[in-house]
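Data from protein25.txt: compact mmCIF, C-alpha atoms and all ligand atoms
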# COMPACT_ATOMS: atom_id res chain seq x y z
CA MET A 1 13.39 -1.64 3.20
CA TYR A 2 13.59 0.86 0.38
CA ILE A 3 15.09 0.05 -3.00
CA PHE A 4 17.67 2.21 -4.73
CA VAL A 5 19.01 1.37 -8.17
CA ASP A 6 22.79 0.95 -8.42
CA THR A 7 23.60 2.21 -11.90
CA ALA A 8 24.61 5.32 -13.83
CA ASN A 9 22.75 4.20 -16.95
CA THR A 10 19.87 6.63 -17.37
CA ASP A 11 17.87 4.25 -19.59
CA GLU A 12 17.98 1.64 -16.83
CA ILE A 13 17.07 4.26 -14.22
CA ARG A 14 14.14 5.49 -16.33
CA GLU A 15 12.88 1.93 -16.83
CA ALA A 16 13.20 0.98 -13.13
CA ALA A 17 11.60 4.27 -12.07
CA SER A 18 8.63 3.56 -14.35
CA TRP A 19 7.94 0.43 -12.26
CA GLY A 20 7.39 2.70 -9.26
CA ILE A 21 9.86 0.88 -7.02
CA VAL A 22 12.85 3.20 -6.98
CA SER A 23 13.42 5.50 -3.99
CA GLY A 24 16.93 6.62 -4.91
CA VAL A 25 19.99 6.00 -7.07
CA THR A 26 23.62 5.21 -6.28
CA THR A 27 26.50 5.66 -8.67
CA ASN A 28 30.22 5.09 -8.27
CA PRO A 29 33.23 6.04 -10.42
CA SER A 30 33.29 2.63 -12.17
CA LEU A 31 29.57 2.87 -13.07
CA ILE A 32 30.01 6.44 -14.34
CA ALA A 33 33.10 5.45 -16.37
CA LYS A 34 31.14 2.60 -17.98
CA GLU A 35 28.66 5.10 -19.46
CA GLY A 36 31.40 7.20 -21.17
CA ARG A 37 29.50 10.42 -20.50
CA ASP A 38 30.22 13.62 -18.56
CA PHE A 39 29.81 12.94 -14.82
CA LYS A 40 27.87 16.07 -13.87
CA THR A 41 25.60 15.82 -16.92
CA VAL A 42 24.66 12.26 -15.97
CA VAL A 43 24.04 13.15 -12.32
CA LYS A 44 21.88 16.13 -13.28
CA GLU A 45 19.88 13.96 -15.68
CA ILE A 46 19.27 11.40 -12.91
CA THR A 47 17.88 14.10 -10.60
CA GLY A 48 15.22 14.71 -13.27
CA ILE A 49 14.20 11.04 -13.30
CA VAL A 50 14.12 10.01 -9.63
CA ASP A 51 12.89 12.17 -6.77
CA GLY A 52 15.10 10.72 -4.02
CA SER A 53 18.68 10.51 -2.84
CA ILE A 54 21.17 10.39 -5.73
CA SER A 55 24.68 9.40 -4.63
CA ALA A 56 27.57 10.98 -6.55
CA GLU A 57 31.12 10.10 -5.49
CA VAL A 58 34.08 12.42 -4.93
CA MET A 59 37.48 11.53 -6.43
CA ALA A 60 39.93 13.58 -4.32
CA ASP A 61 42.11 11.78 -1.75
CA ASP A 62 42.34 14.64 0.74
CA ALA A 63 39.56 16.13 2.85
CA GLU A 64 39.97 19.59 1.38
CA GLY A 65 39.53 18.27 -2.16
CA MET A 66 36.58 16.08 -1.17
CA ILE A 67 34.86 19.00 0.53
CA ALA A 68 35.31 21.21 -2.55
CA GLU A 69 34.00 18.47 -4.88
CA GLY A 70 31.18 17.71 -2.47
CA ARG A 71 30.01 21.31 -2.35
CA GLU A 72 30.13 21.53 -6.15
CA LEU A 73 28.12 18.32 -6.62
CA ALA A 74 25.61 19.26 -3.91
CA ALA A 75 24.96 22.54 -5.75
CA ILE A 76 23.61 20.57 -8.75
CA HIS A 77 20.42 19.54 -6.93
CA PRO A 78 19.17 19.27 -3.31
CA ASN A 79 18.74 15.48 -3.74
CA ILE A 80 22.44 14.89 -4.37
CA THR A 81 24.14 12.83 -1.66
CA ILE A 82 27.92 13.04 -1.58
CA LYS A 83 29.51 9.60 -1.64
CA ILE A 84 32.80 9.56 0.22
CA PRO A 85 35.22 6.65 0.74
CA MET A 86 35.82 5.27 4.24
CA THR A 87 39.18 6.86 5.02
CA GLU A 88 40.39 9.28 7.68
CA GLU A 89 40.36 12.09 5.12
CA GLY A 90 36.91 10.95 4.04
CA LEU A 91 35.51 11.23 7.53
CA LYS A 92 37.03 14.70 7.95
CA ALA A 93 35.10 15.70 4.83
CA VAL A 94 31.88 14.06 6.11
CA HIS A 95 32.24 15.98 9.37
CA VAL A 96 32.47 19.34 7.55
CA LEU A 97 29.82 18.65 4.90
CA SER A 98 27.27 17.30 7.40
CA LYS A 99 27.49 20.56 9.34
CA GLU A 100 26.58 22.36 6.11
CA ASP A 101 23.50 20.11 5.83
CA ILE A 102 24.97 18.36 2.81
CA LYS A 103 23.96 14.69 2.80
CA THR A 104 26.79 12.13 2.75
CA ASN A 105 27.07 8.41 2.01
CA VAL A 106 30.22 6.75 3.32
CA THR A 107 31.15 4.01 0.90
CA LEU A 108 33.51 1.02 0.81
CA ILE A 109 32.39 -0.04 4.28
CA PHE A 110 33.46 -3.59 5.11
CA SER A 111 33.06 -3.72 8.91
CA ALA A 112 30.70 -2.54 11.62
CA ALA A 113 33.58 -0.63 13.21
CA GLN A 114 33.93 1.44 10.04
CA ALA A 115 30.17 2.03 9.95
CA LEU A 116 30.16 3.26 13.56
CA LEU A 117 32.96 5.75 12.85
CA ALA A 118 31.22 7.01 9.72
CA ALA A 119 27.95 7.47 11.60
CA ARG A 120 29.64 9.38 14.40
CA ALA A 121 31.33 11.65 11.86
CA GLY A 122 27.84 12.65 10.72
CA ALA A 123 27.19 10.41 7.70
CA SER A 124 23.60 10.38 6.48
CA TYR A 125 24.14 6.91 4.98
CA VAL A 126 26.70 4.10 5.24
CA SER A 127 27.20 1.63 2.40
CA PRO A 128 28.45 -1.79 3.51
CA PHE A 129 29.44 -3.95 0.50
CA VAL A 130 27.84 -7.38 0.82
CA GLY A 131 28.96 -9.03 -2.43
CA ARG A 132 32.61 -8.03 -2.22
CA LEU A 133 32.84 -9.52 1.29
CA ASP A 134 31.23 -12.75 0.07
CA ASP A 135 33.77 -12.76 -2.80
CA ILE A 136 36.67 -13.07 -0.35
CA GLY A 137 34.97 -15.74 1.76
CA ASN A 138 33.58 -13.46 4.46
CA GLU A 139 29.86 -13.29 5.22
CA GLY A 140 28.70 -9.92 3.94
CA LEU A 141 25.33 -10.33 5.60
CA ARG A 142 26.93 -10.57 9.08
CA VAL A 143 28.25 -7.03 8.66
CA ILE A 144 24.77 -5.80 7.77
CA GLU A 145 23.32 -7.57 10.83
CA ASP A 146 26.01 -6.11 13.12
CA ILE A 147 25.48 -2.58 11.87
CA VAL A 148 21.68 -2.90 12.22
CA THR A 149 22.11 -4.13 15.81
CA ILE A 150 24.61 -1.45 16.82
CA PHE A 151 22.70 1.44 15.23
CA ALA A 152 19.43 0.30 16.86
CA LEU A 153 21.07 -0.20 20.29
CA HIS A 154 22.59 3.28 20.27
CA GLU A 155 19.74 5.03 18.44
CA ILE A 156 21.97 6.08 15.56
CA GLY A 157 19.95 7.68 12.78
CA THR A 158 22.41 7.01 9.95
CA LYS A 159 20.69 4.91 7.28
CA ILE A 160 22.17 1.61 6.14
CA ILE A 161 22.39 1.09 2.37
CA ALA A 162 23.24 -2.55 1.63
CA ALA A 163 25.49 -2.28 -1.45
CA SER A 164 27.37 -4.65 -3.75
CA ILE A 165 24.18 -6.65 -4.15
CA ARG A 166 24.58 -9.53 -6.60
CA THR A 167 21.43 -11.66 -6.31
CA PRO A 168 17.72 -11.44 -5.39
CA MET A 169 18.63 -13.53 -2.31
CA HIS A 170 21.03 -10.79 -1.19
CA VAL A 171 18.11 -8.35 -1.37
CA LEU A 172 15.88 -10.59 0.76
CA ASP A 173 18.64 -11.35 3.26
CA CYS A 174 19.35 -7.64 3.70
CA ALA A 175 15.62 -6.90 4.12
CA ARG A 176 15.38 -9.61 6.80
CA ALA A 177 18.48 -8.29 8.53
CA GLY A 178 16.90 -4.82 8.75
CA ALA A 179 18.90 -2.75 6.26
CA ASP A 180 17.08 0.53 5.57
CA ILE A 181 17.85 0.40 1.85
CA ALA A 182 19.31 -2.03 -0.67
CA THR A 183 20.92 -0.52 -3.73
CA VAL A 184 20.31 -3.05 -6.46
CA PRO A 185 21.82 -3.34 -9.97
CA PHE A 186 19.28 -3.24 -12.80
CA GLY A 187 19.94 -6.87 -13.79
CA VAL A 188 19.19 -8.09 -10.26
CA LEU A 189 15.96 -6.02 -10.15
CA LYS A 190 14.85 -7.73 -13.37
CA LYS A 191 15.57 -11.14 -11.83
CA MET A 192 13.40 -10.23 -8.82
CA PHE A 193 10.37 -10.07 -11.12
CA ARG A 194 10.74 -13.54 -12.46
CA HIS A 195 9.01 -16.65 -11.23
CA PRO A 196 8.22 -19.62 -13.51
CA LEU A 197 4.80 -20.08 -11.86
CA THR A 198 3.90 -16.47 -12.72
CA ASP A 199 4.81 -17.09 -16.38
CA GLN A 200 2.94 -20.40 -16.43
CA GLY A 201 -0.05 -18.80 -14.71
CA ILE A 202 -0.27 -15.99 -17.27
CA ALA A 203 0.00 -18.48 -20.17
CA GLN A 204 -2.73 -20.69 -18.65
CA PHE A 205 -5.10 -17.73 -18.03
CA LYS A 206 -4.64 -16.62 -21.65
CA LYS A 207 -5.23 -20.13 -22.99
CA ASP A 208 -8.39 -20.69 -20.90
CA TRP A 209 -9.72 -17.27 -21.97
CA GLU A 210 -9.09 -17.95 -25.67
CA ASP A 211 -10.35 -21.58 -25.52
CA ALA A 212 -13.64 -20.27 -24.09
CA GLY A 213 -13.88 -17.88 -27.06
CA LEU A 214 -13.88 -14.81 -24.80
CA LYS A 215 -12.77 -11.45 -26.23
O1 LIG B 301 28.31 1.24 -5.62
C1 LIG B 301 28.79 0.35 -4.71
C2 LIG B 301 28.50 -1.10 -4.97
O2 LIG B 301 27.15 -1.35 -5.07
C3 LIG B 301 29.38 -1.81 -5.95
O3 LIG B 301 28.97 -3.12 -6.23
O4 LIG B 301 29.12 -5.20 -7.53
O5 LIG B 301 30.89 -3.44 -7.82
O6 LIG B 301 30.78 -4.79 -5.74
P1 LIG B 301 30.00 -4.19 -6.86
Represent the structure contained in this file as structure tokens.
Ligand code: G3P
Amino acid sequence: MYIFVDTANTDEIREAASWGIVSGVTTNPSLIAKEGRDFKTVVKEITGIVDGSISAEVMADDAEGMIAEGRELAAIHPNITIKIPMTEEGLKAVHVLSKEDIKTNVTLIFSAAQALLAARAGASYVSPFVGRLDDIGNEGLRVIEDIVTIFALHEIGTKIIAASIRTPMHVLDCARAGADIATVPFGVLKKMFRHPLTDQGIAQFKKDWEDAGLK
């Protein structure tokens, strides 16, 4: 499973990229708004940091508007993936953009049925939201498992990006379930590093080294 970073903060992206673990970046309108910067400027900057899929979301409600925004965003850099909400208008836009070889990521997926429709419309990626399903008492992971099973059974090439990831356990569960990618917030990535035995081990190695008078 590949790891994308789910943030529009370029400092966080730079830091995570320096660890060598980032294969792509996802943004959404809320993450962009949080940064208080111009959308296209941020997206362009990200393309200079990470050499992989960079999801940028359209804001129009109708297919025509989404297609126009999608073409404009795709022109910024070949790595831009157009993130489109899971609606009927959204799938119309996916259908048109995919035929122009513009990569698409259908977002706000909460069921395997939605994922199947998005894939058949030509989506390059689908983004099922694990955490938001858990929040309302559904099992987000079940949706990931269902999509993995259905896509494998029918040899569907659309990649599954597990999104709305809240904990390191979510990342592991999605990896076990067979998601192609997990898009992980910076804070969760940092938590994945931590283990008390690693910290204790480092402290002990240092102490033993110094106690022996080694330089
Ligand atoms: O970008 C989509 C997704 O990862 C959002 O996560 O935490 O707002 O549900 P969250």
Query raised in the report: Using all atoms listed in the file, what are the residues with an atom within 8 Å of ligand LIG 301 (chain B), set out as a list in words?
Result: Asp6, Thr7, Thr26, Thr27, Asn28, Ser30, Leu31, Thr107, Leu108, Ser127, Phe129, Val130, Gly131, Arg132, Ala162, Ala163, Ser164, Ile165, Arg166, Thr183, Val184 and Pro185 of chain A
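The residue set within 8 Å of Met66 in chain A, counting all atoms listed in the file and dropping same-chain residues fewer than 6 places from it, reads Val58, Met59, Ala60, Ile84, Gly90 and Ala93 of chain A.
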Requested in this report: Could you give me, as an MDAnalysis selection string, the residues that sit within 12 Å of (23.9, -4.2, 14.6) in the file's coordinates, counting all atoms listed in the file?
Outcome: chainID A and resid 111:113 115:116 141:156 160 177:179
Residues of range 73-156 of chain A at most 8 Å from range 44-49 of chain A: nearest atom pair and distance in Å, all atoms listed in the file, as JSON lines:
{"residue": "A:Ile76", "atom": "CA", "partner": "A:Lys44", "partner_atom": "CA", "distance": 6.6}
{"residue": "A:His77", "atom": "CA", "partner": "A:Thr47", "partner_atom": "CA", "distance": 7.0}
{"residue": "A:Asn79", "atom": "CA", "partner": "A:Thr47", "partner_atom": "CA", "distance": 7.1}
{"residue": "A:Ile80", "atom": "CA", "partner": "A:Thr47", "partner_atom": "CA", "distance": 7.8}
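Distance annotation: of A:Gly20, A:Gly140, A:Gly213, A:Gly122, the residue with the minimal separation from Ser98 in chain A is A:Gly122; atom set is all atoms listed in the file.
The two atoms in question, CA of Ala121 in chain A and CA of His95 in chain A, are spaced 5.1 Å apart.
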Report summary line: In terms of all atoms listed in the file, the residue from A:Gly137, A:Gly36, A:Pro29, A:Pro128 at minimal distance from Lys159 in chain A is A:Pro128
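Take CA of Leu133 in chain A and CA of Gln114 in chain A: the distance between them is 14.1 Å.
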Requested in this report: Counting only C-alpha atoms, figure out which residue out of A:Thr167, A:Ile67, A:Asp180, A:Phe110 gets nearest to Ser124 in chain A.
Outcome: A:Asp180
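Nearest residue to Ile102 in chain A among A:Leu117, A:Pro85, A:Ser53, A:Arg14 is A:Ser53, counting all atoms listed in the file.
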Requested in this report: Mind giving me the straight-line distance from CA of Val5 in chain A to CA of Val126 in chain A in Å, one decimal?
Outcome: 15.7 Å
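Distances to Arg37 in chain A were evaluated for A:Lys99, A:Arg194, A:Thr10, A:Ala119 using all atoms listed in the file, and the minimum falls at A:Thr10.
Proximity of A:Val94, A:Ala17, A:Ala75, A:Ala8 to Val43 in chain A, computed with all atoms listed in the file, is greatest for A:Ala8.
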Restrict the output to range 171-188 of chain A and C-alpha atoms, then write it as an mmCIF file, in the first residue's frame.
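Result saved to out-v3.cif:
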data_model
loop_
_atom_site.group_PDB
_atom_site.id
_atom_site.type_symbol
_atom_site.label_atom_id
_atom_site.label_comp_id
_atom_site.auth_asym_id
_atom_site.auth_seq_id
_atom_site.Cartn_x
_atom_site.Cartn_y
_atom_site.Cartn_z
ATOM 1 C CA VAL A 171 -3.647 2.808 8.182
ATOM 2 C CA LEU A 172 -2.804 -0.778 9.149
ATOM 3 C CA ASP A 173 -6.394 -1.976 8.777
ATOM 4 C CA CYS A 174 -6.596 -0.462 5.292
ATOM 5 C CA ALA A 175 -3.245 -2.037 4.333
ATOM 6 C CA ARG A 176 -4.492 -5.440 5.534
ATOM 7 C CA ALA A 177 -7.759 -4.990 3.654
ATOM 8 C CA GLY A 178 -5.834 -4.362 0.421
ATOM 9 C CA ALA A 179 -6.362 -0.644 -0.237
ATOM 10 C CA ASP A 180 -3.899 0.541 -2.903
ATOM 11 C CA ILE A 181 -3.199 3.801 -1.078
ATOM 12 C CA ALA A 182 -3.971 5.413 2.265
ATOM 13 C CA THR A 183 -4.019 9.187 2.354
ATOM 14 C CA VAL A 184 -2.830 10.062 5.824
ATOM 15 C CA PRO A 185 -2.918 13.389 7.713
ATOM 16 C CA PHE A 186 0.494 14.662 8.829
ATOM 17 C CA GLY A 187 -0.329 14.199 12.530
ATOM 18 C CA VAL A 188 -1.196 10.527 11.999
#
